[in-house]
Structures are given as structure tokens and as C-alpha cells.
file start.cif (mmCIF, C-alpha atoms)
data_entry
loop_
_atom_site.label_atom_id
_atom_site.label_comp_id
_atom_site.auth_asym_id
_atom_site.auth_seq_id
_atom_site.Cartn_x
_atom_site.Cartn_y
_atom_site.Cartn_z
CA SER Z 644 -122.65 66.51 -18.08
CA THR Z 645 -121.63 64.50 -21.14
CA ARG Z 646 -120.86 60.88 -20.41
CA LYS Z 647 -117.82 59.47 -22.21
CA LEU Z 648 -116.80 56.04 -23.43
CA ASN Z 649 -114.44 54.14 -21.16
CA PRO Z 650 -110.99 55.48 -22.10
CA ARG Z 651 -109.37 52.02 -21.99
CA PRO Z 652 -110.10 50.51 -25.42
CA ILE Z 653 -111.01 46.89 -25.98
CA LEU Z 654 -108.96 45.19 -28.71
CA ILE Z 655 -111.17 43.68 -31.43
CA VAL Z 656 -109.42 41.25 -33.77
CA GLU Z 657 -111.75 40.65 -36.71
CA ASP Z 658 -111.23 40.62 -40.49
CA ASN Z 659 -114.86 41.03 -41.56
CA PRO Z 660 -115.86 44.73 -41.90
CA VAL Z 661 -119.51 44.05 -41.02
CA ASN Z 662 -118.57 42.17 -37.84
CA GLN Z 663 -116.08 44.94 -36.99
CA GLU Z 664 -118.85 47.53 -37.23
CA VAL Z 665 -121.41 45.46 -35.31
CA MET Z 666 -118.96 44.92 -32.44
CA THR Z 667 -117.71 48.52 -32.44
CA GLU Z 668 -121.24 49.94 -32.39
CA SER Z 669 -122.55 47.43 -29.80
CA LEU Z 670 -119.61 48.09 -27.47
CA ALA Z 671 -119.97 51.87 -27.91
CA GLN Z 672 -123.62 51.58 -26.88
CA LEU Z 673 -122.43 49.70 -23.78
CA GLY Z 674 -119.98 52.53 -23.00
CA TYR Z 675 -116.70 51.09 -24.31
CA SER Z 676 -114.21 52.35 -26.87
CA VAL Z 677 -112.40 49.92 -29.18
CA HIS Z 678 -109.24 49.43 -31.26
CA VAL Z 679 -109.82 47.18 -34.30
CA VAL Z 680 -107.19 45.12 -36.13
CA GLU Z 681 -107.77 42.69 -39.01
CA ASN Z 682 -105.68 39.63 -38.09
CA GLY Z 683 -103.80 37.81 -35.38
CA GLN Z 684 -100.38 39.19 -36.35
CA LEU Z 685 -101.65 42.77 -36.04
CA ALA Z 686 -103.19 41.79 -32.69
CA LEU Z 687 -99.82 40.55 -31.41
CA ASP Z 688 -98.23 43.82 -32.60
CA ALA Z 689 -100.93 45.88 -30.84
CA LEU Z 690 -100.58 43.84 -27.63
CA ALA Z 691 -96.80 44.27 -27.71
CA ALA Z 692 -97.26 48.05 -27.96
CA ARG Z 693 -99.73 48.48 -25.08
CA GLU Z 694 -101.92 46.68 -22.53
CA TYR Z 695 -105.59 46.12 -23.28
CA PRO Z 696 -108.08 45.19 -20.54
CA LEU Z 697 -109.87 42.71 -22.84
CA VAL Z 698 -109.57 41.16 -26.32
CA PHE Z 699 -112.35 39.85 -28.58
CA MET Z 700 -110.55 37.52 -31.01
CA ASP Z 701 -112.08 36.11 -34.18
CA CYS Z 702 -110.91 32.53 -34.75
CA GLN Z 703 -110.87 32.30 -38.57
CA MET Z 704 -108.70 35.07 -40.07
CA PRO Z 705 -106.04 35.41 -42.76
CA VAL Z 706 -102.31 35.85 -41.97
CA LEU Z 707 -102.55 34.48 -38.41
CA ASP Z 708 -105.77 32.98 -37.05
CA GLY Z 709 -107.14 33.52 -33.57
CA TYR Z 710 -106.03 30.16 -32.18
CA LYS Z 711 -102.39 30.66 -33.19
CA ALA Z 712 -102.41 34.31 -32.12
CA ALA Z 713 -103.75 33.40 -28.66
CA THR Z 714 -101.20 30.59 -28.26
CA GLU Z 715 -98.35 32.97 -29.19
CA LEU Z 716 -99.67 35.71 -26.89
CA ARG Z 717 -99.78 33.32 -23.92
CA ARG Z 718 -96.20 32.24 -24.73
CA ARG Z 719 -95.09 35.90 -24.73
CA GLU Z 720 -96.95 36.68 -21.49
CA SER Z 721 -95.33 33.69 -19.74
CA GLY Z 722 -97.00 34.24 -16.39
CA ARG Z 723 -96.88 38.05 -16.40
CA PHE Z 724 -99.97 40.19 -17.17
CA HIS Z 725 -102.76 37.90 -18.45
CA VAL Z 726 -105.12 39.71 -20.82
CA PRO Z 727 -108.54 38.02 -21.01
CA ILE Z 728 -109.27 36.79 -24.55
CA VAL Z 729 -112.83 36.04 -25.62
CA ALA Z 730 -112.95 33.99 -28.81
CA VAL Z 731 -115.50 35.02 -31.42
CA THR Z 732 -116.41 31.92 -33.40
CA ALA Z 733 -118.88 30.82 -36.04
CA HIS Z 734 -118.91 27.32 -34.53
CA ALA Z 735 -121.35 26.56 -31.72
CA PHE Z 736 -120.50 22.85 -31.49
CA GLU Z 737 -119.11 21.38 -28.26
CA GLY Z 738 -115.54 20.76 -29.47
CA GLU Z 739 -115.05 24.48 -30.12
CA ARG Z 740 -114.99 25.27 -26.40
CA GLU Z 741 -112.10 22.85 -25.86
CA LYS Z 742 -110.31 24.21 -28.92
CA VAL Z 743 -110.43 27.87 -27.80
CA LEU Z 744 -109.45 26.99 -24.23
CA ALA Z 745 -106.56 24.83 -25.49
CA ALA Z 746 -105.30 27.83 -27.49
CA GLY Z 747 -105.18 29.87 -24.27
CA MET Z 748 -108.39 31.85 -24.70
CA ASP Z 749 -110.60 32.37 -21.65
CA ASP Z 750 -114.12 32.28 -23.06
CA TYR Z 751 -116.05 32.39 -26.32
CA ILE Z 752 -119.10 33.93 -27.93
CA VAL Z 753 -120.78 32.67 -31.09
CA LYS Z 754 -121.56 34.56 -34.30
CA PRO Z 755 -123.82 36.21 -35.27
CA ILE Z 756 -122.63 38.61 -32.59
CA LYS Z 757 -125.31 39.80 -30.20
CA GLN Z 758 -124.96 42.77 -27.85
CA ALA Z 759 -126.23 40.65 -24.93
CA ALA Z 760 -123.34 38.19 -25.44
CA LEU Z 761 -120.83 41.05 -25.52
CA ARG Z 762 -122.34 42.48 -22.33
CA GLU Z 763 -122.11 39.11 -20.54
CA ALA Z 764 -118.48 38.69 -21.61
CA LEU Z 765 -117.67 42.21 -20.38
CA GLU Z 766 -119.32 41.50 -17.03
CA ARG Z 767 -117.24 38.33 -16.69
CA TRP Z 768 -113.86 39.55 -17.96
CA TRP Z 769 -113.51 43.33 -17.68
CA PRO Z 770 -110.94 43.98 -14.91
CA GLY Z 771 -112.64 45.03 -11.68
CA SER Z 772 -116.14 44.65 -13.13
CA ASN Z 773 -119.02 46.24 -11.25
CA SER Z 774 -116.76 48.79 -9.55
CA THR Z 775 -116.13 52.31 -10.89
CA GLU Z 776 -117.23 51.83 -14.47
CA VAL Z 777 -118.19 54.69 -16.74
CA GLU Z 778 -121.97 54.58 -17.21
CA PRO Z 779 -122.98 53.79 -20.79
CA PRO Z 780 -125.03 56.47 -22.52
CA THR Z 781 -128.76 55.88 -22.09
CA GLY Z 782 -131.98 57.76 -22.51
CA PRO Z 783 -132.99 60.88 -24.40
CA GLU Z 784 -131.18 63.29 -22.07
CA ASP Z 785 -127.92 62.52 -23.93
CA SER Z 786 -129.26 63.60 -27.31
CA GLU Z 787 -129.14 67.26 -26.28
CA ASP Z 788 -125.36 67.02 -25.85
CA ARG Z 789 -124.76 65.86 -29.41
CA PRO Z 790 -124.17 68.36 -32.19
CA VAL Z 791 -127.02 68.52 -34.69
CA THR Z 792 -125.38 67.80 -38.07
CA GLY Z 793 -128.02 66.15 -40.21
CA ALA Z 794 -129.71 62.90 -39.31
CA PRO Z 795 -127.07 60.47 -38.03
CA LEU Z 796 -127.19 56.93 -39.34
CA THR Z 797 -128.73 54.42 -36.99
CA PRO Z 798 -126.37 51.55 -36.12
CA SER Z 799 -128.29 49.16 -38.36
CA GLU Z 800 -128.21 51.58 -41.34
CA HIS Z 801 -124.46 51.95 -40.85
CA VAL Z 802 -123.94 48.17 -40.76
CA VAL Z 803 -126.04 47.74 -43.93
CA ARG Z 804 -123.92 50.33 -45.75
CA ILE Z 805 -120.70 48.58 -44.75
CA PHE Z 806 -122.16 45.21 -45.78
CA LEU Z 807 -123.13 46.61 -49.20
CA ARG Z 808 -119.61 48.01 -49.63
CA SER Z 809 -117.83 44.79 -48.61
CA ALA Z 810 -120.19 42.11 -50.02
CA PRO Z 811 -119.14 42.38 -53.72
CA ALA Z 812 -115.47 41.71 -52.91
CA GLN Z 813 -116.45 38.79 -50.64
CA LEU Z 814 -118.65 37.30 -53.40
CA ASP Z 815 -115.77 37.66 -55.88
CA ALA Z 816 -113.47 35.86 -53.46
CA ILE Z 817 -115.99 33.02 -53.00
CA GLU Z 818 -116.34 32.60 -56.78
#
call {"tool": "encode", "arguments": {"input": "start.cif", "output": "C-alpha cells"}}
result
Amino acid sequence: STRKLNPRPILIVEDNPVNQEVMTESLAQLGYSVHVVENGQLALDALAAREYPLVFMDCQMPVLDGYKAATELRRRESGRFHVPIVAVTAHAFEGEREKVLAAGMDDYIVKPIKQAALREALERWWPGSNSTEVEPPTGPEDSEDRPVTGAPLTPSEHVVRIFLRSAPAQLDAIE
């Protein structure tokens, strides 16, 4: 029997295409599907349209950053459904924890994003963790279920391709 990704997608709010791909691929390997948006305003729109069990929110983004988006989301929730928000930040210093909590976020993980950190956050914040979760795909027995259409890219090859596509524009912006 083919095992599927959890049908309830996690909302990823991240403007960097490489980070988007790393998180999407890491979460897929853990058995979770995702919905990706590029900024805090699009996150608020997505959260107004449907409920997500969990949000990974980048802090530094254009249009509306993660701190302001989280603050506005908590204002809109006003005591109703509370979606767990895990901040994704480039800053590991002590003041960052207070800053993300003050904005209404529940937790944070530090870039570069590691699958182990995503797993720990999922174990802490996914609703009803350790109950009837869909098992993530593991082991060679799954490979027989997949259609054979050329050699698929490994996750790291895919991330490198996205990096090579997005890096020139980022370098231009820095200059």
C-alpha cells in the first residue's frame, strides 16, 4: 500500500526559493505536505481562507515581515482558534527568542534549516502529536510504488538547481 503525505498542509511563509525548497523537501520526507507563500501579507490571506495546523514563518521578508504578520494574526484570532507559529530566523542570539514570543509566535528554529529542527518543532506543535499520524515514507519498499520516469533528482540536487537559478538575481539585488 502506498503511504501518502499528511493531507493537512503546513503553511510555510518564506521568501527565499532555496529555503522554500529545503523546507518543502524536508517536510515531505517527514510525511507532511506544505503550502508555500512568499510574505506575511500572503500568509494572512492564506490563513483567512483556511485553517492550517502549523505555520513556519520566516522573520525577515518583504511586504510584511514575520513579526508583524504574527502580531496581526493573533489580533485577528482574538482568542478563537490559535494556530501554532514557529519562527524561522537567521538570528540565534538570546534576544530573538523574546522578540518572536512578543510578536505572538510560539517557538523558533534557526537557519540554516535542519530537518531535525523541523521534526522537533512538529513533535511539539502538530495538533494531537503522537496519535494517528500518517507514517512518513521510509525504506526501499516504497521505491517500487513510484513510477520509473528517468532518474529523479535527489533533494540536494534539486536545492542546488534552485540556488543556481535564484542566486544571480540575489547578487544583483545586493550590488
call {"tool": "residues_near_point", "arguments": {"input": "start.cif", "point": "(-111.3, 28.6, -22.9)", "cutoff": "12 Å", "atoms": "all atoms listed in the file", "output": "JSON, numbers by chain"}}
result
{"Z": [710, 713, 714, 727, 728, 729, 730, 731, 737, 738, 739, 740, 741, 742, 743, 744, 745, 746, 747, 748, 749, 750, 751, 752]}
call {"tool": "atom_distance", "arguments": {"input": "start.cif", "atom1": "CA of Lys711 (chain Z)", "atom2": "CA of Leu690 (chain Z)"}}
result
14.4 Å
call {"tool": "atom_distance", "arguments": {"input": "start.cif", "atom1": "CA of Gly683 (chain Z)", "atom2": "CA of Val706 (chain Z)"}}
result
7.0 Å
call {"tool": "atom_distance", "arguments": {"input": "start.cif", "atom1": "CA of Glu668 (chain Z)", "atom2": "CA of Ala816 (chain Z)"}}
result
26.5 Å
call {"tool": "closest_residue", "arguments": {"input": "start.cif", "among": "Z:Leu648, Z:Val698, Z:Val753, Z:Val726", "to": "Val680 (chain Z)", "atoms": "all atoms listed in the file"}}
result
Z:Val698
call {"tool": "residues_around", "arguments": {"input": "start.cif", "residues": "Pro650 (chain Z)", "least_positions_apart": "6", "cutoff": "12 Å", "atoms": "only C-alpha atoms", "output": "ChimeraX atom specification"}}
result
/Z:671,674-678,695-696,776-777
call {"tool": "resolve_selection", "arguments": {"input": "start.cif", "expression": "the PyMOL selection byres ((chain Z and resi 755-764) around 9)", "output": "list in words"}}
result
Asn662, Val665, Met666, Ser669, Leu670, Gln672, Leu673, Val729, Val731, Thr732, Ala733, Asp750, Tyr751, Ile752, Val753, Lys754, Leu765, Glu766, Arg767, Trp768 and Trp769 of chain Z
call {"tool": "residues_around", "arguments": {"input": "start.cif", "residues": "Leu707 (chain Z)", "least_positions_apart": "5", "cutoff": "10 Å", "atoms": "all atoms listed in the file", "output": "list in words"}}
result
Glu681, Asn682, Gly683, Gln684, Leu685, Ala686, Leu687, Cys702, Ala712 and Ala713 of chain Z
call {"tool": "resolve_selection", "arguments": {"input": "start.cif", "expression": "the PyMOL selection byres ((chain Z and resi 659) around 10)", "output": "list of chain:residue names"}}
result
Z:Val656, Z:Glu657, Z:Asp658, Z:Pro660, Z:Val661, Z:Asn662, Z:Gln663, Z:Glu664, Z:Glu681, Z:Asn682, Z:Asp701, Z:Met704, Z:Phe806, Z:Ser809, Z:Gln813
call {"tool": "resolve_selection", "arguments": {"input": "start.cif", "expression": "the PyMOL selection byres ((chain Z and resi 694) around 10)", "output": "MDAnalysis selection string"}}
result
chainID Z and resid 651:654 689:693 695:697 724:726
call {"tool": "build_atoms", "arguments": {"input": "start.cif", "residues": "region 663-676 of chain Z", "atoms": "N, CA, C and O atoms", "output": "mmCIF file, keeping the file's coordinate frame"}}
result
data_model
loop_
_atom_site.group_PDB
_atom_site.id
_atom_site.type_symbol
_atom_site.label_atom_id
_atom_site.label_comp_id
_atom_site.auth_asym_id
_atom_site.auth_seq_id
_atom_site.Cartn_x
_atom_site.Cartn_y
_atom_site.Cartn_z
ATOM 1 N N GLN Z 663 -116.814 43.851 -37.666
ATOM 2 C CA GLN Z 663 -116.080 44.940 -36.990
ATOM 3 C C GLN Z 663 -117.047 46.034 -36.569
ATOM 4 O O GLN Z 663 -117.010 46.514 -35.435
ATOM 5 N N GLU Z 664 -117.920 46.429 -37.495
ATOM 6 C CA GLU Z 664 -118.850 47.530 -37.230
ATOM 7 C C GLU Z 664 -119.890 47.146 -36.184
ATOM 8 O O GLU Z 664 -120.207 47.942 -35.294
ATOM 9 N N VAL Z 665 -120.412 45.916 -36.288
ATOM 10 C CA VAL Z 665 -121.410 45.460 -35.310
ATOM 11 C C VAL Z 665 -120.807 45.485 -33.902
ATOM 12 O O VAL Z 665 -121.415 45.996 -32.954
ATOM 13 N N MET Z 666 -119.590 44.957 -33.765
ATOM 14 C CA MET Z 666 -118.960 44.920 -32.440
ATOM 15 C C MET Z 666 -118.619 46.320 -31.945
ATOM 16 O O MET Z 666 -118.850 46.644 -30.778
ATOM 17 N N THR Z 667 -118.076 47.158 -32.835
ATOM 18 C CA THR Z 667 -117.710 48.520 -32.440
ATOM 19 C C THR Z 667 -118.935 49.283 -31.953
ATOM 20 O O THR Z 667 -118.920 49.922 -30.893
ATOM 21 N N GLU Z 668 -120.018 49.206 -32.727
ATOM 22 C CA GLU Z 668 -121.240 49.940 -32.390
ATOM 23 C C GLU Z 668 -121.886 49.374 -31.110
ATOM 24 O O GLU Z 668 -122.312 50.120 -30.233
ATOM 25 N N SER Z 669 -121.948 48.048 -30.995
ATOM 26 C CA SER Z 669 -122.550 47.430 -29.800
ATOM 27 C C SER Z 669 -121.766 47.799 -28.547
ATOM 28 O O SER Z 669 -122.350 48.133 -27.511
ATOM 29 N N LEU Z 670 -120.436 47.759 -28.635
ATOM 30 C CA LEU Z 670 -119.610 48.090 -27.470
ATOM 31 C C LEU Z 670 -119.704 49.576 -27.133
ATOM 32 O O LEU Z 670 -119.726 49.951 -25.962
ATOM 33 N N ALA Z 671 -119.800 50.431 -28.161
ATOM 34 C CA ALA Z 671 -119.970 51.870 -27.910
ATOM 35 C C ALA Z 671 -121.276 52.128 -27.156
ATOM 36 O O ALA Z 671 -121.325 52.932 -26.226
ATOM 37 N N GLN Z 672 -122.337 51.421 -27.562
ATOM 38 C CA GLN Z 672 -123.620 51.580 -26.880
ATOM 39 C C GLN Z 672 -123.534 51.120 -25.420
ATOM 40 O O GLN Z 672 -124.258 51.622 -24.559
ATOM 41 N N LEU Z 673 -122.631 50.172 -25.150
ATOM 42 C CA LEU Z 673 -122.430 49.700 -23.780
ATOM 43 C C LEU Z 673 -121.456 50.586 -23.004
ATOM 44 O O LEU Z 673 -121.221 50.365 -21.815
ATOM 45 N N GLY Z 674 -120.861 51.584 -23.690
ATOM 46 C CA GLY Z 674 -119.980 52.530 -23.000
ATOM 47 C C GLY Z 674 -118.502 52.253 -23.139
ATOM 48 O O GLY Z 674 -117.704 52.759 -22.352
ATOM 49 N N TYR Z 675 -118.106 51.469 -24.152
ATOM 50 C CA TYR Z 675 -116.700 51.090 -24.310
ATOM 51 C C TYR Z 675 -116.143 51.552 -25.649
ATOM 52 O O TYR Z 675 -116.817 51.463 -26.669
ATOM 53 N N SER Z 676 -114.896 52.019 -25.630
ATOM 54 C CA SER Z 676 -114.210 52.350 -26.870
ATOM 55 C C SER Z 676 -113.434 51.105 -27.337
ATOM 56 O O SER Z 676 -113.196 50.184 -26.553
#
